[in-house]
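*Asks:* First, the structure itself, so that you have it in front of you.
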Amino acid sequence: MEIPEILKKLNAQKQIKFLEKKYSGKRIVIYGAGKFYNVLKEEYDLSGLNVIAVSDKKFSEINEPVFDEGVGYNVIAPMLIYTLKPDIVLLCVQDDYFVEKDICENIFQQTGHKFKYTPLFKRTLGQRIFQDWEDF
């Protein structure tokens with residue numbers, strides 16, 4: 001299934017509106033700036049979220065927030081997310097299991113700092129199983 005179809009099935013804009021209310025006034029970092037993020041930023045409205053930066057492994061050499069026109073926000077290395085003191089980090093990836101594992105086993109361990117994180121989109125158990133089956 002293609003990313004636009006996945007986002008449509010997840011009712012992406014409805015979930016974004018929920019997050020806008022839930023995290024109103026909160027400092028948000030989006031983790032993941034790959035294909036999933038690119039489709040999301042092109043086809044959905046993220047302006048109601050207080051996004052202070054986007055982080056991704058491809059920004060690992062960036063030591064302080066710097067604006068990236070292609071991303072549309074400041075970008076920063078994953079190992080430096082904690083320096084921004086975000087209220088929440090939203091995982092903007094298709095398969096969040098490996099990102100969560102990396103955050104816990106690498107970022108938290110190496111930096112000695114933790115932050116709250118959650119998947120950007122909640123999926124039902126059925127949706128997770130279906131996606132995992134397709135990825136298999």
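Each chain in the structure tokens gets a letter, A, B, ..., in the order shown, and its residues are numbered from 1; ligands are numbered from 1 in order too.
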Residues near Lys17 of chain A, anyone? I mean within 9 Å using only C-alpha atoms, not counting same-chain ones fewer than 3 positions away, as a list in words.
*Replies:*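 Listed by chain and then number, they are Ala12, Gln13, Lys14, Glu20, Lys21, Lys22, Leu46, Gly48 and Leu49 of chain A.
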*Asks:* Env of Leu91 of chain A: 8 Å cut, atoms = only C-alpha atoms, seq-sep filter 2 positions within chain, self excluded. Answer as a compact mmCIF listing (two decimals) with C-alpha atoms, in the first residue's frame.
*Replies:*
# COMPACT_ATOMS: atom_id res chain seq x y z
CA ILE A 30 8.78 15.53 14.66
CA TYR A 31 11.12 12.55 14.34
CA GLY A 32 11.38 11.23 10.80
CA VAL A 89 8.35 13.98 20.05
CA VAL A 93 7.44 7.01 10.36
CA ASP A 96 7.59 3.05 14.55
CA VAL A 99 12.54 4.00 15.73
CA TYR A 117 7.55 10.36 22.44
CA THR A 118 4.56 8.81 20.74
CA PRO A 119 3.64 7.74 17.21
CA LEU A 120 2.18 10.60 15.20
*Asks:* Please identify the helix (DSSP H, G or I) residues within chain A (assignment by DSSP from backbone atoms) and present them as a tab-separated table (two decimals) with N, CA, C and O atoms, in the first residue's frame.
*Replies:*
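Produced file part34.tsv, reproduced below:
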chain	number	residue	atom	x	y	z
A	3	ILE	N	1.97	5.24	0.54
A	3	ILE	CA	1.86	6.13	1.70
A	3	ILE	C	0.60	6.99	1.68
A	3	ILE	O	-0.09	7.07	2.70
A	4	PRO	N	0.21	7.61	0.55
A	4	PRO	CA	-1.04	8.39	0.56
A	4	PRO	C	-2.25	7.54	0.98
A	4	PRO	O	-3.13	8.03	1.71
A	5	GLU	N	-2.29	6.30	0.53
A	5	GLU	CA	-3.40	5.40	0.90
A	5	GLU	C	-3.37	5.09	2.39
A	5	GLU	O	-4.42	5.05	3.04
A	6	ILE	N	-2.17	4.86	2.92
A	6	ILE	CA	-2.03	4.57	4.35
A	6	ILE	C	-2.53	5.75	5.17
A	6	ILE	O	-3.30	5.58	6.12
A	7	LEU	N	-2.11	6.95	4.81
A	7	LEU	CA	-2.52	8.15	5.54
A	7	LEU	C	-4.03	8.35	5.46
A	7	LEU	O	-4.66	8.76	6.43
A	8	LYS	N	-4.61	8.05	4.31
A	8	LYS	CA	-6.06	8.19	4.15
A	8	LYS	C	-6.78	7.20	5.06
A	8	LYS	O	-7.73	7.55	5.75
A	9	LYS	N	-6.31	5.95	5.10
A	9	LYS	CA	-6.93	4.94	5.95
A	9	LYS	C	-6.79	5.26	7.44
A	9	LYS	O	-7.62	4.88	8.25
A	12	ALA	N	-5.70	10.67	8.63
A	12	ALA	CA	-4.57	11.50	9.05
A	12	ALA	C	-4.98	12.90	9.51
A	12	ALA	O	-4.56	13.33	10.59
A	13	GLN	N	-5.77	13.61	8.73
A	13	GLN	CA	-6.11	14.98	9.13
A	13	GLN	C	-6.92	15.00	10.41
A	13	GLN	O	-6.73	15.88	11.26
A	14	LYS	N	-7.80	14.03	10.59
A	14	LYS	CA	-8.58	13.96	11.83
A	14	LYS	C	-7.65	13.73	13.03
A	14	LYS	O	-7.81	14.35	14.08
A	15	GLN	N	-6.67	12.86	12.86
A	15	GLN	CA	-5.73	12.60	13.94
A	15	GLN	C	-4.84	13.82	14.21
A	15	GLN	O	-4.51	14.11	15.36
A	16	ILE	N	-4.48	14.54	13.15
A	16	ILE	CA	-3.69	15.75	13.34
A	16	ILE	C	-4.49	16.78	14.13
A	16	ILE	O	-3.97	17.43	15.04
A	17	LYS	N	-5.77	16.94	13.81
A	17	LYS	CA	-6.63	17.88	14.55
A	17	LYS	C	-6.70	17.49	16.03
A	17	LYS	O	-6.67	18.36	16.90
A	18	PHE	N	-6.79	16.20	16.30
A	18	PHE	CA	-6.79	15.73	17.70
A	18	PHE	C	-5.49	16.12	18.39
A	18	PHE	O	-5.50	16.61	19.53
A	19	LEU	N	-4.37	15.92	17.70
A	19	LEU	CA	-3.06	16.27	18.29
A	19	LEU	C	-2.93	17.77	18.51
A	19	LEU	O	-2.31	18.21	19.48
A	20	GLU	N	-3.52	18.57	17.62
A	20	GLU	CA	-3.49	20.03	17.79
A	20	GLU	C	-4.13	20.42	19.12
A	20	GLU	O	-3.60	21.27	19.84
A	21	LYS	N	-5.25	19.78	19.43
A	21	LYS	CA	-5.94	20.08	20.70
A	21	LYS	C	-5.15	19.51	21.89
A	21	LYS	O	-4.96	20.19	22.89
A	22	LYS	N	-4.71	18.28	21.75
A	22	LYS	CA	-4.01	17.61	22.85
A	22	LYS	C	-2.71	18.32	23.21
A	22	LYS	O	-2.36	18.44	24.38
A	35	LYS	N	10.14	9.59	3.39
A	35	LYS	CA	9.02	9.59	2.44
A	35	LYS	C	7.69	9.83	3.14
A	35	LYS	O	6.84	10.56	2.64
A	36	PHE	N	7.51	9.20	4.30
A	36	PHE	CA	6.26	9.34	5.05
A	36	PHE	C	6.04	10.82	5.40
A	36	PHE	O	4.96	11.37	5.18
A	37	TYR	N	7.06	11.47	5.93
A	37	TYR	CA	6.97	12.88	6.30
A	37	TYR	C	6.72	13.74	5.06
A	37	TYR	O	5.89	14.66	5.09
A	38	ASN	N	7.41	13.46	3.96
A	38	ASN	CA	7.26	14.27	2.76
A	38	ASN	C	5.83	14.24	2.23
A	38	ASN	O	5.29	15.29	1.85
A	39	VAL	N	5.23	13.08	2.21
A	39	VAL	CA	3.83	12.99	1.77
A	39	VAL	C	2.93	13.73	2.75
A	39	VAL	O	2.04	14.49	2.35
A	40	LEU	N	3.19	13.55	4.02
A	40	LEU	CA	2.38	14.20	5.05
A	40	LEU	C	2.43	15.72	4.92
A	40	LEU	O	1.39	16.38	4.90
A	41	LYS	N	3.61	16.29	4.80
A	41	LYS	CA	3.72	17.76	4.74
A	41	LYS	C	3.15	18.33	3.45
A	41	LYS	O	2.70	19.47	3.43
A	42	GLU	N	3.17	17.53	2.37
A	42	GLU	CA	2.64	18.01	1.10
A	42	GLU	C	1.11	17.92	1.03
A	42	GLU	O	0.48	18.77	0.40
A	43	GLU	N	0.54	16.92	1.68
A	43	GLU	CA	-0.89	16.67	1.51
A	43	GLU	C	-1.76	17.00	2.73
A	43	GLU	O	-2.98	16.95	2.64
A	57	LYS	N	17.91	10.81	11.19
A	57	LYS	CA	19.32	10.39	11.15
A	57	LYS	C	20.10	11.11	10.07
A	57	LYS	O	21.30	11.32	10.20
A	58	LYS	N	19.43	11.50	8.99
A	58	LYS	CA	20.16	12.20	7.93
A	58	LYS	C	20.63	13.59	8.36
A	58	LYS	O	21.42	14.21	7.67
A	59	PHE	N	20.16	14.05	9.51
A	59	PHE	CA	20.61	15.34	10.06
A	59	PHE	C	21.61	15.15	11.20
A	59	PHE	O	21.83	16.05	12.00
A	78	PRO	N	19.18	13.68	15.82
A	78	PRO	CA	18.43	12.94	16.84
A	78	PRO	C	19.10	12.96	18.22
A	78	PRO	O	18.41	13.06	19.24
A	79	MET	N	20.41	12.90	18.26
A	79	MET	CA	21.12	12.89	19.54
A	79	MET	C	20.99	14.21	20.29
A	79	MET	O	21.31	14.29	21.47
A	80	LEU	N	20.51	15.25	19.61
A	80	LEU	CA	20.39	16.56	20.24
A	80	LEU	C	18.94	16.99	20.48
A	80	LEU	O	18.70	18.12	20.89
A	81	ILE	N	18.01	16.11	20.25
A	81	ILE	CA	16.60	16.44	20.48
A	81	ILE	C	16.39	16.96	21.90
A	81	ILE	O	15.71	17.95	22.12
A	82	TYR	N	17.00	16.30	22.86
A	82	TYR	CA	16.80	16.67	24.26
A	82	TYR	C	17.18	18.12	24.55
A	82	TYR	O	16.63	18.76	25.45
A	83	THR	N	18.13	18.69	23.77
A	83	THR	CA	18.56	20.08	24.01
A	83	THR	C	17.45	21.08	23.74
A	83	THR	O	17.49	22.20	24.25
A	84	LEU	N	16.47	20.70	22.94
A	84	LEU	CA	15.35	21.58	22.61
A	84	LEU	C	14.26	21.55	23.68
A	84	LEU	O	13.34	22.35	23.64
A	96	ASP	N	6.96	2.40	13.41
A	96	ASP	CA	7.59	3.05	14.55
A	96	ASP	C	8.36	2.12	15.48
A	96	ASP	O	9.13	2.59	16.31
A	97	TYR	N	8.22	0.81	15.35
A	97	TYR	CA	8.88	-0.12	16.26
A	97	TYR	C	10.40	0.09	16.29
A	97	TYR	O	11.00	0.21	17.35
A	98	PHE	N	11.01	0.14	15.12
A	98	PHE	CA	12.48	0.25	15.06
A	98	PHE	C	12.96	1.63	15.51
A	98	PHE	O	14.04	1.76	16.08
A	99	VAL	N	12.17	2.66	15.27
A	99	VAL	CA	12.54	4.00	15.73
A	99	VAL	C	12.47	4.06	17.25
A	99	VAL	O	13.37	4.57	17.90
A	100	GLU	N	11.40	3.50	17.83
A	100	GLU	CA	11.29	3.47	19.29
A	100	GLU	C	12.46	2.70	19.90
A	100	GLU	O	13.03	3.11	20.90
A	101	LYS	N	12.81	1.60	19.29
A	101	LYS	CA	13.93	0.78	19.76
A	101	LYS	C	15.23	1.60	19.70
A	101	LYS	O	16.02	1.59	20.65
A	102	ASP	N	15.45	2.31	18.61
A	102	ASP	CA	16.65	3.13	18.46
A	102	ASP	C	16.68	4.25	19.51
A	102	ASP	O	17.72	4.54	20.08
A	103	ILE	N	15.55	4.89	19.73
A	103	ILE	CA	15.48	5.96	20.73
A	103	ILE	C	15.88	5.42	22.10
A	103	ILE	O	16.72	6.01	22.78
A	104	CYS	N	15.29	4.31	22.48
A	104	CYS	CA	15.57	3.75	23.81
A	104	CYS	C	16.98	3.18	23.94
A	104	CYS	O	17.66	3.41	24.94
A	105	GLU	N	17.41	2.44	22.94
A	105	GLU	CA	18.70	1.75	23.04
A	105	GLU	C	19.90	2.62	22.68
A	105	GLU	O	21.01	2.33	23.12
A	106	ASN	N	19.69	3.63	21.89
A	106	ASN	CA	20.82	4.45	21.46
A	106	ASN	C	20.74	5.88	21.99
A	106	ASN	O	21.62	6.30	22.74
A	107	ILE	N	19.72	6.61	21.61
A	107	ILE	CA	19.65	8.03	21.98
A	107	ILE	C	19.62	8.20	23.49
A	107	ILE	O	20.43	8.95	24.05
A	108	PHE	N	18.71	7.53	24.17
A	108	PHE	CA	18.62	7.68	25.62
A	108	PHE	C	19.90	7.20	26.31
A	108	PHE	O	20.39	7.83	27.24
A	109	GLN	N	20.42	6.08	25.85
A	109	GLN	CA	21.63	5.51	26.47
A	109	GLN	C	22.84	6.41	26.26
A	109	GLN	O	23.61	6.66	27.19
A	110	GLN	N	23.04	6.89	25.05
A	110	GLN	CA	24.24	7.68	24.74
A	110	GLN	C	24.19	9.09	25.29
A	110	GLN	O	25.23	9.64	25.66
A	111	THR	N	23.00	9.68	25.33
A	111	THR	CA	22.92	11.07	25.80
A	111	THR	C	22.68	11.16	27.30
A	111	THR	O	22.98	12.18	27.91
A	125	LEU	N	-4.88	-2.37	16.27
A	125	LEU	CA	-4.13	-3.62	16.19
A	125	LEU	C	-4.29	-4.24	14.80
A	125	LEU	O	-3.33	-4.71	14.19
A	126	GLY	N	-5.50	-4.20	14.27
A	126	GLY	CA	-5.74	-4.74	12.92
A	126	GLY	C	-4.93	-4.01	11.86
A	126	GLY	O	-4.36	-4.64	10.96
A	127	GLN	N	-4.85	-2.68	11.97
A	127	GLN	CA	-4.06	-1.91	11.01
A	127	GLN	C	-2.58	-2.26	11.12
A	127	GLN	O	-1.88	-2.37	10.12
A	128	ARG	N	-2.10	-2.45	12.36
A	128	ARG	CA	-0.69	-2.81	12.56
A	128	ARG	C	-0.39	-4.18	11.96
A	128	ARG	O	0.61	-4.36	11.28
A	129	ILE	N	-1.26	-5.14	12.22
A	129	ILE	CA	-1.06	-6.48	11.70
A	129	ILE	C	-1.08	-6.46	10.17
A	129	ILE	O	-0.23	-7.05	9.52
A	130	PHE	N	-2.06	-5.75	9.60
A	130	PHE	CA	-2.16	-5.66	8.14
A	130	PHE	C	-0.91	-5.04	7.55
A	130	PHE	O	-0.36	-5.54	6.58
A	131	GLN	N	-0.44	-3.92	8.15
A	131	GLN	CA	0.78	-3.26	7.65
A	131	GLN	C	1.98	-4.17	7.77
A	131	GLN	O	2.80	-4.28	6.86
A	132	ASP	N	2.13	-4.84	8.92
A	132	ASP	CA	3.26	-5.74	9.11
A	132	ASP	C	3.22	-6.88	8.10
A	132	ASP	O	4.24	-7.32	7.58
A	133	TRP	N	2.02	-7.37	7.81
A	133	TRP	CA	1.87	-8.47	6.84
A	133	TRP	C	2.30	-8.00	5.46
A	133	TRP	O	2.99	-8.69	4.75
A	134	GLU	N	1.88	-6.76	5.07
A	134	GLU	CA	2.28	-6.23	3.77
A	134	GLU	C	3.78	-6.00	3.69
A	134	GLU	O	4.38	-6.21	2.65
A	135	ASP	N	4.39	-5.58	4.80
A	135	ASP	CA	5.83	-5.33	4.83
A	135	ASP	C	6.62	-6.64	4.75
A	135	ASP	O	7.74	-6.66	4.31
*Asks:* Would you give me, as a ChimeraX atom specification, the residues in segment 58-121 of chain A that DSSP reads as strand (DSSP E or B)?
*Replies:* /A:66-68,73-76,88-91,117-119
*Asks:* To one decimal place, how far is atom CA of Glu61 of chain A from atom CA of Ile76 of chain A in Å?
*Replies:*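 Interatomic distance here is 8.3 Å.
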*Asks:* What is the distance, in Å and to one decimal place, between atom CA of Glu69 of chain A and atom CA of Leu10 of chain A?
*Replies:*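 If I compute the distance from atom CA of Glu69 of chain A to atom CA of Leu10 of chain A, I get 27.2 Å.
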*Asks:* Could you pull the residues within 9 Å of Ile88 of chain A, counting only C-alpha atoms, minus those fewer than 2 positions along the same chain, as a PyMOL selection string?
*Replies:* chain A and resi 23+26-30+85-86+90+115-118
*Asks:* Let me make sure I understand: among A:Asn63, A:Phe121, A:Asp56, A:Val51, which one has the smallest atom-to-atom distance to Asp95 of chain A if we use only C-alpha atoms?
*Replies:*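 With only C-alpha atoms as the atom set, the closest residue is A:Phe121.
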*Asks:* Taking into account only C-alpha atoms, which residue in the set A:Ala33, A:Met1, A:Ser47, A:Gly112 is nearest to Gly70 of chain A?
*Replies:* A:Ala33
